[in-house]
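A.B. asks: Before anything else, here's the structure in question.
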Amino acid sequence: MQGTMHKTKLKEGEAREDMELNEIWRACRKIQGAIFRYKFDICKDLKQHDPHCTGFVSKSMFTAVMAKYRNVAGLSEFELRDITDYFQIRDGRVAYRQFCKVVCCEDLHRSAKKELVTSLEWNDPWHLNVIPQPEERRKLFLILLKIAQETHLPLMPYFQDYELVARNVGVVTVSHFARVLHFMKIPLAESDFLLLLKRYMKDAYLVNYVAFVKHIDNIMEYLKYHKLLDNSREIIQNFPGRLVDLNLSELPPVDGCKVIHPIFPDTCNHPKKNRDQCDIIFCIQNFVYKNRVRCSEFLECFDQLRTGSITKNQFERALHNIGVGKFISQRELDLLADRYMDPVDTNRIRWRTFMDEIDTVFTIKNLEKIPQCNVESPLKHIIDMPRPGTADWQAAPLSLRELCEDAMAKIRIRIRNRRLHLHPFFRNYDKLNSGHVRCNQTNQIFRTNGILLSDQEVEAVLHRYGNEMGFFYTKFLDDVDPASYGIPSMVPKGQLHDMNECPPFARDTPDEDEQESEENIMRVLTVVKQQVLTRSVPIIDFLADYDRHREGEILDSDFKRAMSSANVVLSDEDATLMCNIFRSSRRAPCMRYRDFVKALNQIFVQLESEMGDKIVTAVPLLHLPNLDCISCFLNFDERTTCSRALMKLARKPDEISNLSQIFTDFDRSNCGSVSENQLLRALTVREMHEMLSRREFDAVCKCFAVERGLHMEFNYREFLKILDVLHRTGQVKRNF
């Protein structure tokens with residue numbers, strides 16, 4: 001029993017020694033500030049309970065008296081307990097007389113120059129609240145460590161600007177504290193921000209920023225003194241702690257994805273012990289492509305004499321400056337040094353060879369010498385490289401993979417049957433065009449489009465396409481709906497070539513037996529005629545520019561360039577077919593462009609010649625107004641229908657029907673066009689709608705249609721001119 005009491009006393013003594021006197025003194029200063037402000041006598045209340053003037057009262061009585069003024073003085077329960085334990089003697093009583101000497105009888109140096117805060121206690125620039133739970137204290141330290149790592153500018157001036165206006169001393173409001181953290185791009189979760197407020201809150205609505213900034217500065221000095229930061233202000237890999245990721249509060253995409261969060265995620269997702277030289281090169285290429293880094297700017301500064309080689313230490317420093325040094329171990333650096341070793345001096349590295357190999361992720365060297373080479377950027381192995389946080393799908397359980405395939409089959413059937421277009425739905429949520437959306441947004445898109453999946457199937461799909469960024473919808477659309485809109489690239493998916501295998505020149509390829517059928521030739525000529533007619537393109541002017549000697553022949557490549565300059569859209573196969581049809585007999589790589597132009601001119605005029613006399617008569621074929629777009633092109637049947645309708649309407653020209661007055665009333669902006677509905681209303685007012693059938697009305701609207709913004713309108717001015725010409729020339733259909 002005595003041993004137990006002795007141990008208890010030892011524990012109490014150790015607890016008393018571990019007690020922080022600074023916190024007790026701070027609590028006493030709070031009581032002093034309250035006494036000075038409200039003029040109450042706490043010592044008098046304590047003396048009433050000590051009639052024999054012993055200087056001691058019971059612990060319960062002291063606690064009851066202090067609890068009376070606890071809210072006024074702004075004391076917490078922990079501070080009140082610390083004060084009671086500090087002034088308590090061995091028999092359990094409290095020495096209140098010593099307490100009164102500290103808070104009441106001591107000279108407080110009260111003067112007008114002494115700074116007071118707006119609340120209850122004296123101004124204390126190091127005021128901090130006690131956090132008793134060890135888990136919260138450790139989490140608070142990790143948050144402060146992450147903030148110290150993220151901040152690149154001093155925080156003190158941003159808080160001092162507020163003091164110049166508010167006239168506070170060392171404190172700011174909670175809203176201003178949050179605005180400064182947001183402006184410094186320090187994203188915090190709600191729980192982390194509340195934990196900071198719990199530590200640095202003062203007077204229930206102010207934040208002690210002086211203590212906060214001082215703690216951040218102390219952490220930075222500690223990290224720099226112990227050399228725990230690299231050149232990019234990142235903590236070294238052998239740091240024994242584990243940091244919380246503060247960016248997850250702003251981008252919480254992992255609310256359903258089975259993602260593994262490493263402490264420092266590897267760019268390549270390869271085991272570091274088994275990576276060879278190719279894996280290391282792919283890792284560096286992936287990092288350089290994502291961050292758009294120019295490697296030459298980090299390497300050439302070490303090569304002052306431009307010899308093309310640097311030392312191994314300089315090469316390692318350059319990799320750390322680029323930012324990939326933290327992803328590469330010393331063994332892998334030695335592998336890179338062996339790969340790019342200078343054969344003349346084995347102690348130096350050929351950095352130009354390294355730079356050329358890394359830059360192939362953007363383009364290839366000496367591209368101007370092979371202009372017909374198709375460059376693939378980024379490379380295919382960079383595109384297929386798994387992103388950080390992506391689960392290994394090949395190592396996934398068989399049941400999970402089968403469930404995912406069943407879900408993908410359901411989605412494909414739904415897209416095919418309902419003609420769904422999912423890409424705009426994902427792009428609405430992807431404001432940064434990163435190719436990722438949140439997992440809950442993916443589930444919402446599925447429900448919006450009627451794709452009903454079970455919870456297990458949704459989890460399987462999210463497990464396959466989920467990573468640290470969220471749901472990789474670009475890859476998902478490529479697998480589930482391989483349409484043109486689902487591939488965000490300028491080059492069609494099936495036409496990508498390997499960069500190392502450049503296509504041969506056209507003159508070097510052997511001639512193949514192509515089926516130049518009459519149907520294909522007429523189809524290509526019709527396509528070209530349609531574009532030339534609707535746009536009124538003088539195609540002869542573009543082709544004659546490449547015929548410097550006026551021989552009537554140009555190269556096939558010049559023909560394709562001229563067609564592209566004339567804004568005539570023609571595929572490479574169709575252009576090659578035209579070159580083969582109009583091939584020159586004198587030069588193999590040339591074509592007779594004048595014969596090609598004569599074939600096109602038949603859409604404008606028809607040449608009639610007499611057998612006896614050499615007389616050539618040009619009969620114009622265009623009797624309709626010029627068209628403004630390809631969608632307004634009329635075929636033979638539509639032209640016949642439109643001509644018949646115009647002949648009917650010409651019986652009532654503008655002189656008789658006064659249609660121009662109605663069209664002018666509709667055309668408020670005076671642009672010369674009205675809508676199709678307004679045209680029908682105008683014809684109905686003049687009782688001319690009974691002359692036309694629905695088919696004839698659509699042909700007339702298509703004939704005189706013009707583009708206005710995103711819709712088609714009716715050019716009523718040209719329409720009235722045509723009716724006037726037909727009426728004056730007598731081309732009116734009398735019997736109908």
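Every chain in the structure tokens takes a letter, A first, then B, and so on in the order presented; its residues are numbered from 1, and the ligands are numbered from 1 following the presented order.
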Would you list the contacts of A:Arg97 as a ChimeraX atom specification, taking every protein, DNA or RNA residue within 9 Å and counting only C-alpha atoms, but skipping same-chain residues closer than 2 positions in sequence?
C.D. replies: /A:43,46-47,54-56,94-95,99-102
A.B. asks: Output the selection as a short mmCIF file (atom, residue, chain, number, x, y, z; two decimals), in the first residue's frame - C-alpha atoms for each residue.
C.D. replies:
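That gives us result-v3.cif:
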data_model
loop_
_atom_site.label_atom_id
_atom_site.label_comp_id
_atom_site.auth_asym_id
_atom_site.auth_seq_id
_atom_site.Cartn_x
_atom_site.Cartn_y
_atom_site.Cartn_z
CA CYS A 43 -8.90 37.75 -3.67
CA LEU A 46 -11.32 33.70 -1.63
CA LYS A 47 -10.66 35.27 1.82
CA THR A 54 -4.37 30.38 6.96
CA GLY A 55 -3.84 31.27 3.30
CA PHE A 56 -5.26 27.94 2.15
CA VAL A 94 -4.78 25.29 -2.62
CA ALA A 95 -2.47 28.18 -1.63
CA PHE A 99 -2.17 32.96 -6.28
CA CYS A 100 -3.46 36.40 -5.21
CA LYS A 101 0.09 37.75 -5.02
CA VAL A 102 0.57 36.75 -8.65
#
A.B. asks: So which residues touch A:Val528 within 12 Å, counting only C-alpha atoms, skipping near sequence neighbours fewer than 3 positions away, as JSON, numbers by chain?
C.D. replies: {"A": [521, 522, 523, 524, 525, 531, 532, 533, 534, 535, 536, 537, 539, 563, 564, 566, 567, 568, 569, 570, 571, 574, 575, 578, 596, 597, 599, 600, 601, 603, 630]}
A.B. asks: Choose the residue, out of A:Ile540, A:Leu462, A:Phe183, A:Lys369, that has the smallest atom-to-atom separation from A:Arg401; count only C-alpha atoms.
C.D. replies: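 The shortest atom-to-atom distance to A:Arg401 comes from A:Leu462.
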A.B. asks: Any idea what's packed within 9 Å of stretch 209-214 of chain A, counting only C-alpha atoms, ignoring anything in its chain fewer than 3 positions away? Could you give it as a ChimeraX atom specification?
C.D. replies: /A:125-128,144,154-156,159,170-172,177,196,200,217-219
A.B. asks: Can you spit out the residues from that selection as a PDB file, in the first residue's frame, using C-alpha atoms?
C.D. replies:
ATOM      1  CA  PRO A 125       1.506  37.672 -29.175  1.00  0.00           C
ATOM      2  CA  TRP A 126       2.139  34.001 -28.376  1.00  0.00           C
ATOM      3  CA  HIS A 127      -1.380  33.093 -27.302  1.00  0.00           C
ATOM      4  CA  LEU A 128      -2.109  29.467 -28.183  1.00  0.00           C
ATOM      5  CA  LEU A 144       1.902  23.011 -40.648  1.00  0.00           C
ATOM      6  CA  PRO A 154       6.553  35.274 -46.703  1.00  0.00           C
ATOM      7  CA  LEU A 155       3.104  35.320 -45.092  1.00  0.00           C
ATOM      8  CA  MET A 156       3.668  38.180 -42.663  1.00  0.00           C
ATOM      9  CA  PHE A 159      -1.493  39.843 -42.537  1.00  0.00           C
ATOM     10  CA  GLY A 170      -1.270  40.514 -33.871  1.00  0.00           C
ATOM     11  CA  VAL A 171      -4.741  39.188 -34.728  1.00  0.00           C
ATOM     12  CA  VAL A 172      -6.948  38.984 -37.821  1.00  0.00           C
ATOM     13  CA  PHE A 177      -7.161  34.363 -42.378  1.00  0.00           C
ATOM     14  CA  LEU A 196      -5.848  25.392 -37.242  1.00  0.00           C
ATOM     15  CA  TYR A 200      -4.693  29.703 -32.989  1.00  0.00           C
ATOM     16  CA  ASP A 217       9.214  29.965 -40.045  1.00  0.00           C
ATOM     17  CA  ASN A 218      10.545  27.645 -37.346  1.00  0.00           C
ATOM     18  CA  ILE A 219       9.577  24.596 -39.409  1.00  0.00           C
TER      19      ILE A 219
END
A.B. asks: As number ranges by chain, please: all residues of stretch 270-443 of chain A that backbone DSSP puts in strand (DSSP E).
C.D. replies: A: 309-311, 348-350, 436-437
A.B. asks: Env of A:Leu319: 9 Å cut, atoms = only C-alpha atoms, seq-sep filter 5 positions within chain, self excluded. Answer as a VMD selection string.
C.D. replies: chain A and resid 295 298 to 299 314 324 to 326
A.B. asks: Could you please take those selected residues and save N, CA and C atoms as a PDB file, in the first residue's frame?
C.D. replies:
ATOM      1  N   CYS A 295      14.863  20.465 -71.623  1.00  0.00           N
ATOM      2  CA  CYS A 295      16.024  19.880 -70.948  1.00  0.00           C
ATOM      3  C   CYS A 295      17.308  20.620 -71.288  1.00  0.00           C
ATOM      4  N   PHE A 298      18.627  23.292 -68.842  1.00  0.00           N
ATOM      5  CA  PHE A 298      19.198  22.850 -67.579  1.00  0.00           C
ATOM      6  C   PHE A 298      20.557  22.192 -67.766  1.00  0.00           C
ATOM      7  N   LEU A 299      20.880  21.770 -68.991  1.00  0.00           N
ATOM      8  CA  LEU A 299      22.122  21.029 -69.228  1.00  0.00           C
ATOM      9  C   LEU A 299      23.206  21.882 -69.860  1.00  0.00           C
ATOM     10  N   GLN A 314      27.619  17.047 -62.482  1.00  0.00           N
ATOM     11  CA  GLN A 314      26.816  18.080 -63.137  1.00  0.00           C
ATOM     12  C   GLN A 314      25.559  17.479 -63.766  1.00  0.00           C
ATOM     13  N   VAL A 324      13.263  15.509 -61.824  1.00  0.00           N
ATOM     14  CA  VAL A 324      13.130  14.053 -61.892  1.00  0.00           C
ATOM     15  C   VAL A 324      14.130  13.343 -60.993  1.00  0.00           C
ATOM     16  N   GLY A 325      14.998  14.110 -60.314  1.00  0.00           N
ATOM     17  CA  GLY A 325      15.991  13.476 -59.469  1.00  0.00           C
ATOM     18  C   GLY A 325      15.384  12.726 -58.299  1.00  0.00           C
ATOM     19  N   LYS A 326      14.217  13.185 -57.823  1.00  0.00           N
ATOM     20  CA  LYS A 326      13.585  12.510 -56.679  1.00  0.00           C
ATOM     21  C   LYS A 326      12.919  11.204 -57.074  1.00  0.00           C
TER      22      LYS A 326
END
A.B. asks: What's around A:Pro132 at 12 Å? Count only C-alpha atoms, leave out sequence neighbours fewer than 5 positions away in its own chain, and write the answer as a VMD selection string.
C.D. replies: chain A and resid 77 to 79 137 to 138 140 198 to 199
